[in-house]
Amino acid sequence: MTPDQLTSALRAAVASAVATGAFSAEVPAEIVLERPKNREHGDYASNVALRLAKPAGKPPREVADAIAKALLEQDGIAKVDVAGPGFLNITVDAGSLGELARTIVEAGAGYGRTEQFAGQHINLEFVSANPTGPVHIGGVRWAAVGDSLARILQANGAEVTREYYFNDHGAQIDRFSRSLLASALGEPTPEDGYAGSYIGEIAQQVLAAEPDILGLSRDEAQERFREAGVALMFAEIKASLHDFGVDFDVYTHENSLYESGAVGRAIDRLRAQGEIFEADNATWLRTTDYGDDKDRVVIKSDGEPAYIAGDLAYYLDKRERGADKVVIMLGADHHGYVGRMMAMCACFGDTPGENLQLLIGQMVNLVKDGKPVRMGKRSGNIITQDDLVDAVGVDAARYSLTRSSADSTLEIDLDLLVRASNENPVHYVQYAHARTAQLISHAGAAGITREVFSPELLELPSETTLLTALGDFPRVVAQAGQLNEPHRVARYLEELAGHFHRWYDSARVVPVGDEPVTDTNRTRLWLAVATRQVLANGLQLLGVSAPDRK
RNA sequence: GCCCCCGUAGCUCAGGGGAUAGAGCGCUACCCUCCGGAGGUAGAAGCGCAGGUUCGAAUCCUGCCGGGGGCACCA
């Protein structure tokens with residue numbers, strides 16, 4: 001019995017209790033079902049009676065008793081206890097619960113998929129690091145979380161475009177190219193320039209490709225360094241992200257928005273909506289109409305577009321390319337954008353929060369010897385994605401960056417990374433998967449097959465706990481998608497791995513010594529296969545490998 | 001001054017109003033004649049402070065304290 005089926009049974013029980021006149025209330029739209037922490041509280045628990053008590057005008061326990069009585073008449077329910085203030089503690093009969101194992105094995109890689117975003121096209125923009133240096137540890141967090149979120153949204157039925165906004169002009173790029181030129185000429189790093197050692201490497205690569213470059217005028221040389229340096233840097237960023245398991249569907253160059261006239265079209269569109277006005281020789285967008293704290297300059301008084309002009313055009317461009325929902329992941333240092341971006345969305349006549357979502361993630365803090373390490377491209381003090389991957393590998397890096405809520409600032413201890421220790425929960429989860437795989441292959445060697453499936457034999461406490469945990473997976477995926485919170489999948493996997501390890505210690509799939517193979521062994525094999533499937537499906541959503549051996 | 005995020009075990013972090021607040025690491029004591037001990041069992045140890053809403057608050061609201069990040073005709 002799946003949680004959904006139980007929820008339906010519970011709903012029917014409430015309706016039936018109302019029909020018999022036990023109490024009167026509307027059947028709630030949402031019925032909360034949870035897996036109790038304490039096994040004595042049954043397989044599932046519900047607070048539905050507590051919530052209905054007030055509208056029904058009856059004591060919670062009285063409502064609970066009536067629902068419990070009606071629920072017992074539903075199929076597959078073994079026991080219903082009323083406990084505490086009015087909780088319903090539900091025990092599902094073993095055969096019905098055990099059916100989950102078969103359901104999961106038959107669904108295979110599809111187990112956990114939902115259709116909640118079916119038909120929706122979601123454009124997810126993340127990383128979008130400027131090509132002025134390698135992807136640093138903050139960018140890596142968004143790479144890991146963003147890619148995992150994309151996978152989760154897809155698992156919920158959405159069509160997802162992974163998008164990278166590539167900022168290839170402006171003051172930061174000028175500083176980058178000046179730094180390259182200075183390095184090539186053997187001059188000190190310019191003020192406001194970038195100082196990392198990668199600057200020298202890129203400069204040498206450009207020189208090697210274009211030996212005559214230093215014969216040009218300073219301005220021409222700098223322009224050559226800009227173009228070649230940005231191209232090299234960008235290729236390097238793409239390659240590191242690819243090695244990290246993250247590939248984008250669309251790279252949009254900021255320049256292209258200007259060259260294609262998209263900026264002009266966006267402004268025309270907003271003018272037609274009546275949201276544009278002229279003042280002080282500049283062109284403004286009246287974002288204060290929609291909650292922004294000040295209006296924003298779109299075209300500066302010198303005739304140059306302001307930064308937001310690109311944002312306007314880019315948003316419109318994504319919508320015109322078919323995105324129903326535009327999601328952008330940003331670091332905490334960009335939270336000041338939220339107000340104007342949402343107002344901009346409303347200026348286009350769209351619905352903020354629906355057509356546009358901004359996910360603000362907090363920073364990664366590095367710690368060494370118990371003290372914070374300040375990082376910056378300009379100072380050259382950066383920990384890059386490649387440093388992180390070299391130290392702990394892709395799986396551990398992705399996992400540790402994804403298992404925490406993006407709302408929390410994350411602390412990474414460099415000493416721990418250097419030791420590349422096993423102190424990472426990813427090992428716990430991957431080991432559980434490896435164990436299932438070895439267990440299944442060992443069972444095969446012992447001649448145990450899945451020709452018999454007798455779910456009522458899965459009756460150990462560790463088995464029913466494991467089964468209810470497995471049954472939760474689709475709800476976890478759905479919730480992670482609704483809330484844009486991939487870390488929920490990771491935390492679920494850790495819990496599931498724990499339930500599996502405990503089951504493994506308390507139940508044999510392969511009989512000991514010369515004992516005969518029984519139907520219990522065969523049926524347990526189904527449970528092992530189901531567990532492996534869910535662990536693999538979950539790890540896939542995180543972009544972490546599910547090895548058969550560790 | 002205004003805005004956003006955070007404050008939970010020694011450390012890193014979970015916990016969408018529910019029962020005795022969890023995990024990993026660390027610490028203490030245990031468990032392999034048996035499917036991989038990178039595992040399991042038992043234990044010590046915690047919701048920043050003060051109000052409020054509620055039958056019920058780590059969770060929602062207000063104030064305070066502490067930490068981080070923002071408030072350009074910069075990009």
# chains A, B, ... in the order shown; residues from 1 in each chain; ligands from 1
$ interface_residues --of "chain B" --to "chain A" --cutoff "7 Å" --atoms "only C-alpha atoms (C1' of nucleotides)" --output "PyMOL selection string"
chain B and resi 4-6+13-14+19+24-25+34-36+38-40+69-71+73+75
$ closest_residue --among "B:G56, B:G43, B:G48, B:G37" --to "G18 of chain B" --atoms "only C-alpha atoms (C1' of nucleotides)"
B:G56
$ select_by_dssp --residues "segment 200-267 of chain A" --states "strand (DSSP E or B)" --output "list in words"
Val250, Tyr251, Thr252 and His253 of chain A
$ atom_distance --atom1 "atom CA of Ala129 of chain A" --atom2 "atom CA of Leu232 of chain A"
14.2 Å
$ closest_residue --among "B:G46, B:G63, B:C32, B:A23" --to "G10 of chain B" --atoms "only C-alpha atoms (C1' of nucleotides)"
B:G46
$ closest_atom_pairs --of "segment 343-398 of chain A" --to "segment 312-329 of chain A" --cutoff "6 Å" --atoms "only C-alpha atoms" --output "CSV"
residue,atom,partner,partner_atom,distance
A:Asn355,CA,A:Lys325,CA,4.4
A:Leu356,CA,A:Val326,CA,4.8
A:Gln357,CA,A:Val327,CA,4.8
A:Leu358,CA,A:Ile328,CA,5.0
A:Leu359,CA,A:Met329,CA,4.7
$ atom_distance --atom1 "atom CA of Arg524 of chain A" --atom2 "atom C1' of U33 of chain B"
24.1 Å
$ residues_around --residues "Arg398 of chain A" --least-positions-apart "4" --cutoff "8 Å" --atoms "only C-alpha atoms (C1' of nucleotides)" --output "NGL selection string"
:A and (141 or 144-145 or 394 or 402 or 542-544)
$ write_last_selection --atoms "C-alpha atoms" --output "compact mmCIF listing (two decimals), in the first residue's frame"
# COMPACT_ATOMS: atom_id res chain seq x y z
CA ARG A 141 27.71 25.35 -4.89
CA ALA A 144 25.82 21.30 -7.72
CA VAL A 145 22.52 22.58 -6.36
CA VAL A 394 33.16 14.81 -7.75
CA THR A 402 23.85 19.77 -2.00
CA LEU A 542 21.86 14.46 -6.97
CA GLY A 543 24.23 13.71 -9.84
CA VAL A 544 26.16 11.36 -7.59
$ residues_around --residues "A9 of chain B" --least-positions-apart "5" --cutoff "12 Å" --atoms "only C-alpha atoms (C1' of nucleotides)" --output "list in words"
A21, G22, A23, C25, G26, C27, A44, A45, G46 and C47 of chain B
$ write_last_selection --atoms "N, CA and C atoms (P, O5', C5', C4', C3', O3' and C1' of nucleotides)" --output "PDB file, in the first residue's frame"
ATOM      1  P     A B  21      12.262  15.124  22.831  1.00  0.00           P
ATOM      2  O5'   A B  21      12.816  14.897  21.362  1.00  0.00           O
ATOM      3  C5'   A B  21      11.942  14.833  20.246  1.00  0.00           C
ATOM      4  C4'   A B  21      12.613  15.443  19.043  1.00  0.00           C
ATOM      5  C3'   A B  21      14.048  14.978  18.823  1.00  0.00           C
ATOM      6  O3'   A B  21      14.056  13.808  18.046  1.00  0.00           O
ATOM      7  C1'   A B  21      13.919  17.335  18.665  1.00  0.00           C
ATOM      8  P     G B  22      14.333  12.442  18.685  1.00  0.00           P
ATOM      9  O5'   G B  22      15.153  11.650  17.587  1.00  0.00           O
ATOM     10  C5'   G B  22      16.504  11.901  17.416  1.00  0.00           C
ATOM     11  C4'   G B  22      16.775  12.047  15.947  1.00  0.00           C
ATOM     12  C3'   G B  22      18.227  11.842  15.555  1.00  0.00           C
ATOM     13  O3'   G B  22      18.516  10.465  15.392  1.00  0.00           O
ATOM     14  C1'   G B  22      17.431  13.823  14.576  1.00  0.00           C
ATOM     15  P     A B  23      20.039   9.980  15.644  1.00  0.00           P
ATOM     16  O5'   A B  23      20.747  10.329  14.260  1.00  0.00           O
ATOM     17  C5'   A B  23      20.235   9.797  13.046  1.00  0.00           C
ATOM     18  C4'   A B  23      20.990  10.358  11.886  1.00  0.00           C
ATOM     19  C3'   A B  23      22.508  10.289  12.004  1.00  0.00           C
ATOM     20  O3'   A B  23      22.988   9.017  11.625  1.00  0.00           O
ATOM     21  C1'   A B  23      21.882  12.450  11.290  1.00  0.00           C
ATOM     22  P     C B  25      29.767   8.527  11.164  1.00  0.00           P
ATOM     23  O5'   C B  25      30.795   9.678  11.561  1.00  0.00           O
ATOM     24  C5'   C B  25      31.719  10.174  10.613  1.00  0.00           C
ATOM     25  C4'   C B  25      32.387  11.416  11.137  1.00  0.00           C
ATOM     26  C3'   C B  25      33.046  11.283  12.502  1.00  0.00           C
ATOM     27  O3'   C B  25      34.318  10.666  12.430  1.00  0.00           O
ATOM     28  C1'   C B  25      31.790  13.277  12.437  1.00  0.00           C
ATOM     29  P     G B  26      34.752   9.696  13.603  1.00  0.00           P
ATOM     30  O5'   G B  26      34.861  10.666  14.863  1.00  0.00           O
ATOM     31  C5'   G B  26      35.879  11.659  14.912  1.00  0.00           C
ATOM     32  C4'   G B  26      35.748  12.469  16.174  1.00  0.00           C
ATOM     33  C3'   G B  26      35.659  11.672  17.471  1.00  0.00           C
ATOM     34  O3'   G B  26      36.934  11.243  17.918  1.00  0.00           O
ATOM     35  C1'   G B  26      34.004  13.346  17.474  1.00  0.00           C
ATOM     36  P     C B  27      37.039   9.839  18.651  1.00  0.00           P
ATOM     37  O5'   C B  27      36.246  10.093  20.026  1.00  0.00           O
ATOM     38  C5'   C B  27      36.702  11.070  20.944  1.00  0.00           C
ATOM     39  C4'   C B  27      35.829  11.085  22.171  1.00  0.00           C
ATOM     40  C3'   C B  27      35.535   9.722  22.779  1.00  0.00           C
ATOM     41  O3'   C B  27      36.599   9.251  23.584  1.00  0.00           O
ATOM     42  C1'   C B  27      33.528  10.964  22.652  1.00  0.00           C
ATOM     43  P     A B  44      21.981   9.012  27.991  1.00  0.00           P
ATOM     44  O5'   A B  44      23.246   9.964  28.158  1.00  0.00           O
ATOM     45  C5'   A B  44      24.007   9.964  29.370  1.00  0.00           C
ATOM     46  C4'   A B  44      25.196  10.866  29.209  1.00  0.00           C
ATOM     47  C3'   A B  44      24.873  12.244  28.630  1.00  0.00           C
ATOM     48  O3'   A B  44      24.446  13.135  29.638  1.00  0.00           O
ATOM     49  C1'   A B  44      26.711  11.314  27.475  1.00  0.00           C
ATOM     50  P     A B  45      23.156  14.043  29.412  1.00  0.00           P
ATOM     51  O5'   A B  45      23.667  15.046  28.295  1.00  0.00           O
ATOM     52  C5'   A B  45      24.746  15.929  28.575  1.00  0.00           C
ATOM     53  C4'   A B  45      25.175  16.584  27.295  1.00  0.00           C
ATOM     54  C3'   A B  45      24.045  17.197  26.479  1.00  0.00           C
ATOM     55  O3'   A B  45      23.690  18.485  26.951  1.00  0.00           O
ATOM     56  C1'   A B  45      25.468  15.943  25.067  1.00  0.00           C
ATOM     57  P     G B  46      22.165  18.919  27.144  1.00  0.00           P
ATOM     58  O5'   G B  46      21.839  19.802  25.874  1.00  0.00           O
ATOM     59  C5'   G B  46      22.485  21.064  25.704  1.00  0.00           C
ATOM     60  C4'   G B  46      22.084  21.638  24.389  1.00  0.00           C
ATOM     61  C3'   G B  46      20.623  22.055  24.262  1.00  0.00           C
ATOM     62  O3'   G B  46      20.389  23.323  24.834  1.00  0.00           O
ATOM     63  C1'   G B  46      21.275  20.852  22.345  1.00  0.00           C
ATOM     64  P     C B  47      18.893  23.868  25.063  1.00  0.00           P
ATOM     65  O5'   C B  47      18.231  23.978  23.633  1.00  0.00           O
ATOM     66  C5'   C B  47      17.673  25.223  23.189  1.00  0.00           C
ATOM     67  C4'   C B  47      17.880  25.345  21.713  1.00  0.00           C
ATOM     68  C3'   C B  47      17.212  26.552  21.056  1.00  0.00           C
ATOM     69  O3'   C B  47      18.042  26.966  19.990  1.00  0.00           O
ATOM     70  C1'   C B  47      16.403  24.584  20.073  1.00  0.00           C
TER      71        C B  47
END
$ select_by_dssp --residues "segment 203-288 of chain A" --states "alpha helix (DSSP H)" --output "PyMOL selection string"
chain A and resi 203-209+218-243+254-259+262-272
$ residues_around --residues "segment 101-106 of chain A" --least-positions-apart "2" --cutoff "7 Å" --atoms "only C-alpha atoms (C1' of nucleotides)" --output "list in words"
Gly98, Glu99, Gly108, Tyr111, Trp526, Leu527, Val529 and Ala530 of chain A
$ write_last_selection --atoms "C-alpha atoms" --output "mmCIF file, in the first residue's frame"
data_model
loop_
_atom_site.group_PDB
_atom_site.id
_atom_site.type_symbol
_atom_site.label_atom_id
_atom_site.label_comp_id
_atom_site.auth_asym_id
_atom_site.auth_seq_id
_atom_site.Cartn_x
_atom_site.Cartn_y
_atom_site.Cartn_z
ATOM 1 C CA GLY A 98 4.980 -5.425 1.415
ATOM 2 C CA GLU A 99 3.344 -4.909 -1.980
ATOM 3 C CA GLY A 108 12.317 0.696 -11.807
ATOM 4 C CA TYR A 111 9.820 5.076 -9.311
ATOM 5 C CA TRP A 526 12.567 -8.254 -3.713
ATOM 6 C CA LEU A 527 12.999 -5.823 -0.857
ATOM 7 C CA VAL A 529 16.169 -4.934 -5.164
ATOM 8 C CA ALA A 530 13.592 -2.274 -4.334
#
$ closest_residue --among "A:Asp514, A:Leu493, A:His242, A:Asp415" --to "Arg532 of chain A" --atoms "only C-alpha atoms"
A:Leu493
$ closest_atom_pairs --of "segment 249-291 of chain A" --to "segment 238-241 of chain A" --cutoff "12 Å" --atoms "only C-alpha atoms" --output "CSV"
residue,atom,partner,partner_atom,distance
A:Asp249,CA,A:Lys238,CA,11.8
A:Val250,CA,A:Lys238,CA,11.9
A:Tyr251,CA,A:Lys238,CA,10.2
$ atom_distance --atom1 "atom CA of Asp386 of chain A" --atom2 "atom CA of Val135 of chain A"
8.3 Å
$ residues_around --residues "Pro455 of chain A" --least-positions-apart "3" --cutoff "12 Å" --atoms "only C-alpha atoms (C1' of nucleotides)" --output "PDB file with N, CA and C atoms, in the first residue's frame"
ATOM      1  N   MET A   1       0.843  -1.205   0.000  1.00  0.00           N
ATOM      2  CA  MET A   1       0.000   0.000   0.000  1.00  0.00           C
ATOM      3  C   MET A   1       0.873   1.249   0.000  1.00  0.00           C
ATOM      4  N   ASP A  93      -1.640  -3.824   7.116  1.00  0.00           N
ATOM      5  CA  ASP A  93      -1.278  -5.225   7.231  1.00  0.00           C
ATOM      6  C   ASP A  93      -0.099  -5.577   6.347  1.00  0.00           C
ATOM      7  N   ALA A  94       0.672  -6.551   6.842  1.00  0.00           N
ATOM      8  CA  ALA A  94       2.009  -6.797   6.297  1.00  0.00           C
ATOM      9  C   ALA A  94       1.981  -7.040   4.796  1.00  0.00           C
ATOM     10  N   GLY A  95       1.017  -7.822   4.336  1.00  0.00           N
ATOM     11  CA  GLY A  95       0.965  -8.135   2.915  1.00  0.00           C
ATOM     12  C   GLY A  95       0.759  -6.881   2.082  1.00  0.00           C
ATOM     13  N   SER A  96      -0.117  -6.033   2.568  1.00  0.00           N
ATOM     14  CA  SER A  96      -0.435  -4.819   1.827  1.00  0.00           C
ATOM     15  C   SER A  96       0.750  -3.863   1.786  1.00  0.00           C
ATOM     16  N   LEU A  97       1.447  -3.758   2.922  1.00  0.00           N
ATOM     17  CA  LEU A  97       2.628  -2.887   2.966  1.00  0.00           C
ATOM     18  C   LEU A  97       3.734  -3.460   2.086  1.00  0.00           C
ATOM     19  N   GLY A  98       3.913  -4.764   2.170  1.00  0.00           N
ATOM     20  CA  GLY A  98       4.980  -5.425   1.415  1.00  0.00           C
ATOM     21  C   GLY A  98       4.820  -5.276  -0.086  1.00  0.00           C
ATOM     22  N   GLU A  99       3.585  -5.101  -0.545  1.00  0.00           N
ATOM     23  CA  GLU A  99       3.344  -4.909  -1.980  1.00  0.00           C
ATOM     24  C   GLU A  99       4.176  -3.775  -2.554  1.00  0.00           C
ATOM     25  N   LEU A 100       4.519  -2.819  -1.694  1.00  0.00           N
ATOM     26  CA  LEU A 100       5.348  -1.699  -2.137  1.00  0.00           C
ATOM     27  C   LEU A 100       6.628  -2.170  -2.810  1.00  0.00           C
ATOM     28  N   ALA A 101       7.197  -3.259  -2.281  1.00  0.00           N
ATOM     29  CA  ALA A 101       8.458  -3.751  -2.846  1.00  0.00           C
ATOM     30  C   ALA A 101       8.259  -4.100  -4.316  1.00  0.00           C
ATOM     31  N   ARG A 102       7.147  -4.767  -4.596  1.00  0.00           N
ATOM     32  CA  ARG A 102       6.891  -5.137  -5.990  1.00  0.00           C
ATOM     33  C   ARG A 102       6.625  -3.892  -6.841  1.00  0.00           C
ATOM     34  N   THR A 103       5.824  -2.988  -6.296  1.00  0.00           N
ATOM     35  CA  THR A 103       5.524  -1.746  -7.009  1.00  0.00           C
ATOM     36  C   THR A 103       6.809  -1.042  -7.434  1.00  0.00           C
ATOM     37  N   ARG A 450      13.663 -14.390  -7.774  1.00  0.00           N
ATOM     38  CA  ARG A 450      12.471 -13.631  -7.399  1.00  0.00           C
ATOM     39  C   ARG A 450      11.201 -14.302  -7.948  1.00  0.00           C
ATOM     40  N   VAL A 452       9.201 -16.144  -6.405  1.00  0.00           N
ATOM     41  CA  VAL A 452       8.129 -16.089  -5.407  1.00  0.00           C
ATOM     42  C   VAL A 452       8.151 -14.724  -4.737  1.00  0.00           C
ATOM     43  N   LEU A 458       7.102 -10.169   4.889  1.00  0.00           N
ATOM     44  CA  LEU A 458       7.945  -9.034   5.290  1.00  0.00           C
ATOM     45  C   LEU A 458       7.319  -8.408   6.534  1.00  0.00           C
ATOM     46  N   GLU A 459       7.626  -8.996   7.673  1.00  0.00           N
ATOM     47  CA  GLU A 459       6.902  -8.587   8.875  1.00  0.00           C
ATOM     48  C   GLU A 459       7.799  -8.164  10.026  1.00  0.00           C
ATOM     49  N   LEU A 460       9.108  -8.242   9.843  1.00  0.00           N
ATOM     50  CA  LEU A 460      10.001  -7.767  10.904  1.00  0.00           C
ATOM     51  C   LEU A 460       9.832  -6.254  11.060  1.00  0.00           C
ATOM     52  N   GLU A 463      11.757  -4.436   8.670  1.00  0.00           N
ATOM     53  CA  GLU A 463      11.250  -4.517   7.294  1.00  0.00           C
ATOM     54  C   GLU A 463      10.113  -3.546   7.044  1.00  0.00           C
ATOM     55  N   THR A 464       9.196  -3.451   7.999  1.00  0.00           N
ATOM     56  CA  THR A 464       8.076  -2.519   7.781  1.00  0.00           C
ATOM     57  C   THR A 464       8.589  -1.077   7.806  1.00  0.00           C
ATOM     58  N   LEU A 467      10.147  -0.480   4.464  1.00  0.00           N
ATOM     59  CA  LEU A 467       9.112  -0.356   3.433  1.00  0.00           C
ATOM     60  C   LEU A 467       8.432   1.014   3.469  1.00  0.00           C
ATOM     61  N   ASP A 519      10.750 -19.118   1.043  1.00  0.00           N
ATOM     62  CA  ASP A 519      10.054 -18.017   0.382  1.00  0.00           C
ATOM     63  C   ASP A 519      10.370 -16.683   1.054  1.00  0.00           C
ATOM     64  N   THR A 520      10.698 -16.743   2.339  1.00  0.00           N
ATOM     65  CA  THR A 520      11.097 -15.505   3.025  1.00  0.00           C
ATOM     66  C   THR A 520      12.361 -14.944   2.381  1.00  0.00           C
ATOM     67  N   ASN A 521      13.327 -15.830   2.090  1.00  0.00           N
ATOM     68  CA  ASN A 521      14.550 -15.365   1.429  1.00  0.00           C
ATOM     69  C   ASN A 521      14.231 -14.754   0.067  1.00  0.00           C
ATOM     70  N   ARG A 522      13.375 -15.437  -0.680  1.00  0.00           N
ATOM     71  CA  ARG A 522      13.044 -14.948  -2.031  1.00  0.00           C
ATOM     72  C   ARG A 522      12.336 -13.605  -1.955  1.00  0.00           C
ATOM     73  N   THR A 523      11.430 -13.497  -0.984  1.00  0.00           N
ATOM     74  CA  THR A 523      10.675 -12.246  -0.876  1.00  0.00           C
ATOM     75  C   THR A 523      11.575 -11.107  -0.411  1.00  0.00           C
ATOM     76  N   ARG A 524      12.501 -11.429   0.489  1.00  0.00           N
ATOM     77  CA  ARG A 524      13.439 -10.394   0.950  1.00  0.00           C
ATOM     78  C   ARG A 524      14.323  -9.902  -0.188  1.00  0.00           C
ATOM     79  N   LEU A 525      14.603 -10.796  -1.124  1.00  0.00           N
ATOM     80  CA  LEU A 525      15.395 -10.368  -2.275  1.00  0.00           C
ATOM     81  C   LEU A 525      14.671  -9.227  -3.011  1.00  0.00           C
ATOM     82  N   TRP A 526      13.347  -9.339  -3.093  1.00  0.00           N
ATOM     83  CA  TRP A 526      12.567  -8.254  -3.713  1.00  0.00           C
ATOM     84  C   TRP A 526      12.803  -6.930  -2.966  1.00  0.00           C
ATOM     85  N   LEU A 527      12.812  -7.034  -1.652  1.00  0.00           N
ATOM     86  CA  LEU A 527      12.999  -5.823  -0.857  1.00  0.00           C
ATOM     87  C   LEU A 527      14.391  -5.231  -1.085  1.00  0.00           C
TER      88      LEU A 527
END
